[in-house]
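Trainee: There's a structure below that I have some questions on.
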Amino acid sequence: MTYDEKVAEFKARIDAREKIEAGDWMPDEYRLSALRFIEMHANSEVMGALPEREWIPRAPTLKRKLSLTAKVQDEVGHGQILYRVAEDLGKSREQMFDDLVNGRTKFHNVFHYPTFTWGDVGVIGWLIDGAALVNQKALLDSSYLPYVRAMRRICPEESLHLRHGEELVLELVSGTDEQRRMFQEAVNRWWQPIMHFFGPPSKKKDMLIYWGIKTRNNESLRDEFFTTYVPKLWDLGISVPDEGLGWNEEKGEWDWSEPDWDEFWQVVRGNGPMTQVRLTYRKAMWDTHAWVREVFAGIPDGGPGG
Amino acid sequence: MPEDPRLMLLLALADDELILGHRHSEWTGWAPHIEEDLAFSSIAQDEMAHARLLYRLAHESGLSNRDEDALALGREPQEYVNAWLCERPNRDWGYTLARQYLYDTADAVRLEVLAESSWQELAELVKVMQLEEKYHLDHARQWFSKLADGPAEGRQRFSDGLSAAIGEAMALFEPLPHEDQLVAEGLMPRSNEQLLAEWLGRLGEELEAASLDFVLTRHGATAEMVPTSSGDMPAPGEDLMVPGLSRRDGRWVHEGGFTGAGGRRGRHSEDFLPLWEEMTGLYRAHPGAKW
Amino acid sequence: MPVWDVFGKRTAGDDWTLVGGIKAPDVEMALVLARETHFRHKEGVAYAVRRRGEEDLHVGPYDPDLLGGVTDRSYRRQEAYAGVGAKHKRISKLMAERGLVIDRPRPPVGRAASGRERKTKERAGA
């Protein structure tokens, strides 16, 4: 069989909704698309840990201190799971970290922004995790089976985080006036990044959808997010800073205002408010701990680092 | 200072666990090696969870009318009775691991004895804590052997960490206020001085086996003079022993004062106040609020 | 650095099942790290690691009840947050009584959130 014939046969399997295993033959395009997507997902988990971990030392109760630590631990754990999947597609974890801290690869826009108050912890823990869960549940249908297995592990943990986040928010909105204001102010600040999170308007030909790595487009995922979370916010008396947001019964979908996509592109290309600060921290940690990698590499069983 | 000896005992334990757990938790999200990040975060959570149970016991047994959050996050700086070792910043991974090793081996000695406390509820709580501490010891010993037997730089960083921490680690066993009463009533079946002797014996053996016992004699890379609570300072030209540490008949023993004394009386190092401000700020800014 | 496949048993009678992998320099470190990477949420009663390319299975040394913690871990378990839905309803009711609910067009109650309507657009991308 020629390469092109093998690719066509592979594509037919994808279209028939068959699943691809780690050891299967795959076109180079498929391997690279999957690798980049999963790598970015892994990067996002470990970079997402950074804004949240700032609040562990400051948590206002022991229960929140513990649950926030466990949550950030889980984000790191998700990164671990996803880097493992990506590694088996042919790129070492060390290389992936190196590329991340040196700004050569990307991570989700929302993790380029600063946090200011405990209200932000609520937004991240409920709305941003909620947005992530919408995406992750959709990925349960991915064509790449090791990625599906990772999602099967990640989604229940993310659901737990979500419930914790919602509980945290409920305390704020039913608390003091200051606490309510804290959460509303955070929602106002984070709304545009959350809109950006689902991605720019879908292209006619999306390689990830072509190969079945993603099965739903950005618009449909954002629409699901609106349906799940906006009525709940409104029920709590929390507004969203988009005058144009509302359900359109005729169209059977939400009307909303397109955000500023220039800001999105600036951010994901490395010019977000906290991008360089956070990457610099990570790079400093990475470089500083070369000696630890050396310890691991020097062990007779261990072999050369890689 | 807590008047009731039982409260003193609980708070000393709980504050050690809370403050050290707080420091350990600062590694979550960026420890070297991703699987180690997960392991160390569990250790951090264990310590903070133990603190929570101890504070809860203090409240539910009627020793304090403050609940667990008010005890953990609502006291003034001079009311915390943790040892200085726990409040020091993490510095680097070498110090962090050295501190974890010293703390958890010391804590093991302490818990062994408290598991036999005449105070039933405390003894039961301690036995549960010991089950989780087993992993802390396994973790510490794994890293100990990897670093002690590994490349030069790792060994150096670990031994530097041990040197920096050992003096203040001994002060984990600084005698408590009301200790005589605690021992007399069997609440503490053994005194801190006895626990310290036990720990030093074990520690000395482990360090000698790894050829790391020099950390007990060479106090840091530079010849820093460290004032001790007894007022003695090592004379110039001698090997700088860790203050309070001596070698007698081939064994390491404690004599004299402690580096970093005062923790048990609410007197802290310069590192405590910034930690306290960060840890308690949000709680204290909204009195009575639910989170 | 080698990859280790990690196996677990949900209950004592199960066969070893592959649950994931870790990177560790040797078997002792692998056993320490695998525990909190894959079993901190009480995913099983026993675990084991096997270095890729080798045959030997190395079983973790901990008793079943130690995996996933002994002291109260409710802060990271689903059951602890079972009341969240009811709490949301209660607070929404409170907000309604105070006239704070935001009255804007929303989907009818019971309409499924997942974007079934979007399928035709998705196929265009294929």
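Going through the structure tokens in order, the chains are called A, B, and so on, while each chain numbers its residues from 1 and the ligands are numbered from 1 in the order shown.
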Skipping near chain neighbours, those fewer than 4 positions away, what residues fall within 12 Å of Val70 (chain C) using only C-alpha atoms, listed as a ChimeraX atom specification?

Mentor: /B:42,45-46,49-50,125-135 /C:40-42,63-66,74

Trainee: Quick check: residues of chain C within 7 Å of chain B, only C-alpha atoms, returned as a list in words.

Mentor: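 Taking only C-alpha atoms into account, Met29, Val32, Leu33, Glu36, Thr37, Gly69, Val70 and Thr71 of chain C sit within 7 Å of chain B.
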
Trainee: Write a file of the just-selected residues containing C-alpha atoms, as a short mmCIF file (atom, residue, chain, number, x, y, z; two decimals), in the first residue's frame.

Mentor:
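That gives us again_2.cif:
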data_model
loop_
_atom_site.label_atom_id
_atom_site.label_comp_id
_atom_site.auth_asym_id
_atom_site.auth_seq_id
_atom_site.Cartn_x
_atom_site.Cartn_y
_atom_site.Cartn_z
CA MET C 29 11.32 5.81 43.79
CA VAL C 32 6.92 5.95 46.37
CA LEU C 33 5.72 8.15 43.50
CA GLU C 36 0.22 9.47 45.16
CA THR C 37 0.11 9.79 41.36
CA GLY C 69 -5.30 8.54 53.19
CA VAL C 70 -6.59 7.54 56.60
CA THR C 71 -7.67 10.83 58.13
#

Trainee: If we count only C-alpha atoms, which residues of chain A reach to within 6 Å of chain C? Please list them as JSON, numbers by chain.

Mentor: {"A": [67, 160, 167, 204, 205, 210, 220, 224, 227, 234, 235, 236, 237, 246, 247, 296, 301, 302, 305, 306]}

Trainee: Compile the residues of chain B that lie within 6 Å of chain A, evaluated using only C-alpha atoms, and express the compilation as a list in words.

Mentor: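 That gives the following set of residues: Gly29, Leu38, Asp69, Gly150, Pro151, Glu278, Met279, Leu282, Tyr283 and Trp291 of chain B.
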
Trainee: Please compute the CA of Asp260 (chain A)-CA of His196 (chain A) distance, one decimal, in Å.

Mentor: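 Calculated distance between CA of Asp260 (chain A) and CA of His196 (chain A) is 8.4 Å.
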
Trainee: Can you list, as a PyMOL selection string, every residue of chain C that DSSP puts in strand (DSSP E or B)?

Mentor: chain C and resi 3-9+17-23+46-51+58-59

Trainee: Would you please give, as a VMD selection string, all residues of region 36-165 of chain A that DSSP assigns to alpha helix (DSSP H) based on the backbone?

Mentor: chain A and resid 36 to 53 62 to 87 93 to 101 118 to 122 129 to 138 145 to 165

Trainee: Between CA of Lys232 (chain A) and CA of Glu249 (chain A), what is the spacing in Å?

Mentor: 18.2 Å

Trainee: Need to verify the contact set: Asp213 (chain B), 7 Å, only C-alpha atoms, exclusion of same-chain residues closer than 5 positions in sequence. Can you return it as a PyMOL selection string?

Mentor: chain B and resi 204+207-208

Trainee: State, in Å with one decimal place, the distance from CA of Leu13 (chain B) to CA of Arg141 (chain B).

Mentor: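 Answer for the CA of Leu13 (chain B) to CA of Arg141 (chain B) separation: 22.6 Å.
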
Trainee: Within 8 Å of Met40 (chain A), counting only C-alpha atoms, which residues qualify if same-chain residues fewer than 4 places away don't, as a list in words?

Mentor: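 My list of contacting residues is Arg36, Ser44, Thr105, Lys106, Phe107 and His108 of chain A.
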
Trainee: Could you pull the residues within 10 Å of Leu9 (chain B), counting only C-alpha atoms, minus those fewer than 5 positions along the same chain, as a PyMOL selection string?

Mentor: chain B and resi 2+4+14+54+58+81+176-179+182+187-188+264

Trainee: With a distance cut-off of 12 Å and only C-alpha atoms, select the neighbouring residues of Asp14 (chain C), excluding the residue or stretch itself and same-chain residues fewer than 4 positions from it, and output the selection as JSON, numbers by chain.

Mentor: {"C": [7, 8, 9, 10, 18, 44, 45, 46, 47]}

Trainee: Write the residues of the selection above to a file with N, CA and C atoms, as an mmCIF file, in the first residue's frame.

Mentor:
data_model
loop_
_atom_site.group_PDB
_atom_site.id
_atom_site.type_symbol
_atom_site.label_atom_id
_atom_site.label_comp_id
_atom_site.auth_asym_id
_atom_site.auth_seq_id
_atom_site.Cartn_x
_atom_site.Cartn_y
_atom_site.Cartn_z
ATOM 1 N N PHE C 7 0.010 -0.437 37.756
ATOM 2 C CA PHE C 7 -1.153 -1.312 37.797
ATOM 3 C C PHE C 7 -1.864 -1.171 39.133
ATOM 4 N N GLY C 8 -3.170 -1.428 39.103
ATOM 5 C CA GLY C 8 -3.919 -1.370 40.352
ATOM 6 C C GLY C 8 -4.979 -2.438 40.419
ATOM 7 N N LYS C 9 -5.452 -2.652 41.645
ATOM 8 C CA LYS C 9 -6.600 -3.543 41.838
ATOM 9 C C LYS C 9 -7.656 -2.750 42.583
ATOM 10 N N ARG C 10 -8.837 -2.651 42.010
ATOM 11 C CA ARG C 10 -9.915 -1.920 42.689
ATOM 12 C C ARG C 10 -10.343 -2.652 43.948
ATOM 13 N N LEU C 18 -3.943 -2.039 34.147
ATOM 14 C CA LEU C 18 -3.088 -0.886 33.851
ATOM 15 C C LEU C 18 -3.868 0.391 34.101
ATOM 16 N N GLY C 44 -7.872 2.274 44.521
ATOM 17 C CA GLY C 44 -7.674 0.837 44.607
ATOM 18 C C GLY C 44 -7.164 0.392 45.960
ATOM 19 N N VAL C 45 -7.035 -0.932 46.114
ATOM 20 C CA VAL C 45 -6.560 -1.509 47.377
ATOM 21 C C VAL C 45 -5.103 -1.959 47.288
ATOM 22 N N ALA C 46 -4.580 -1.998 46.079
ATOM 23 C CA ALA C 46 -3.192 -2.420 45.911
ATOM 24 C C ALA C 46 -2.673 -1.855 44.602
ATOM 25 N N TYR C 47 -1.350 -1.672 44.518
ATOM 26 C CA TYR C 47 -0.777 -1.186 43.268
ATOM 27 C C TYR C 47 0.572 -1.846 43.022
#
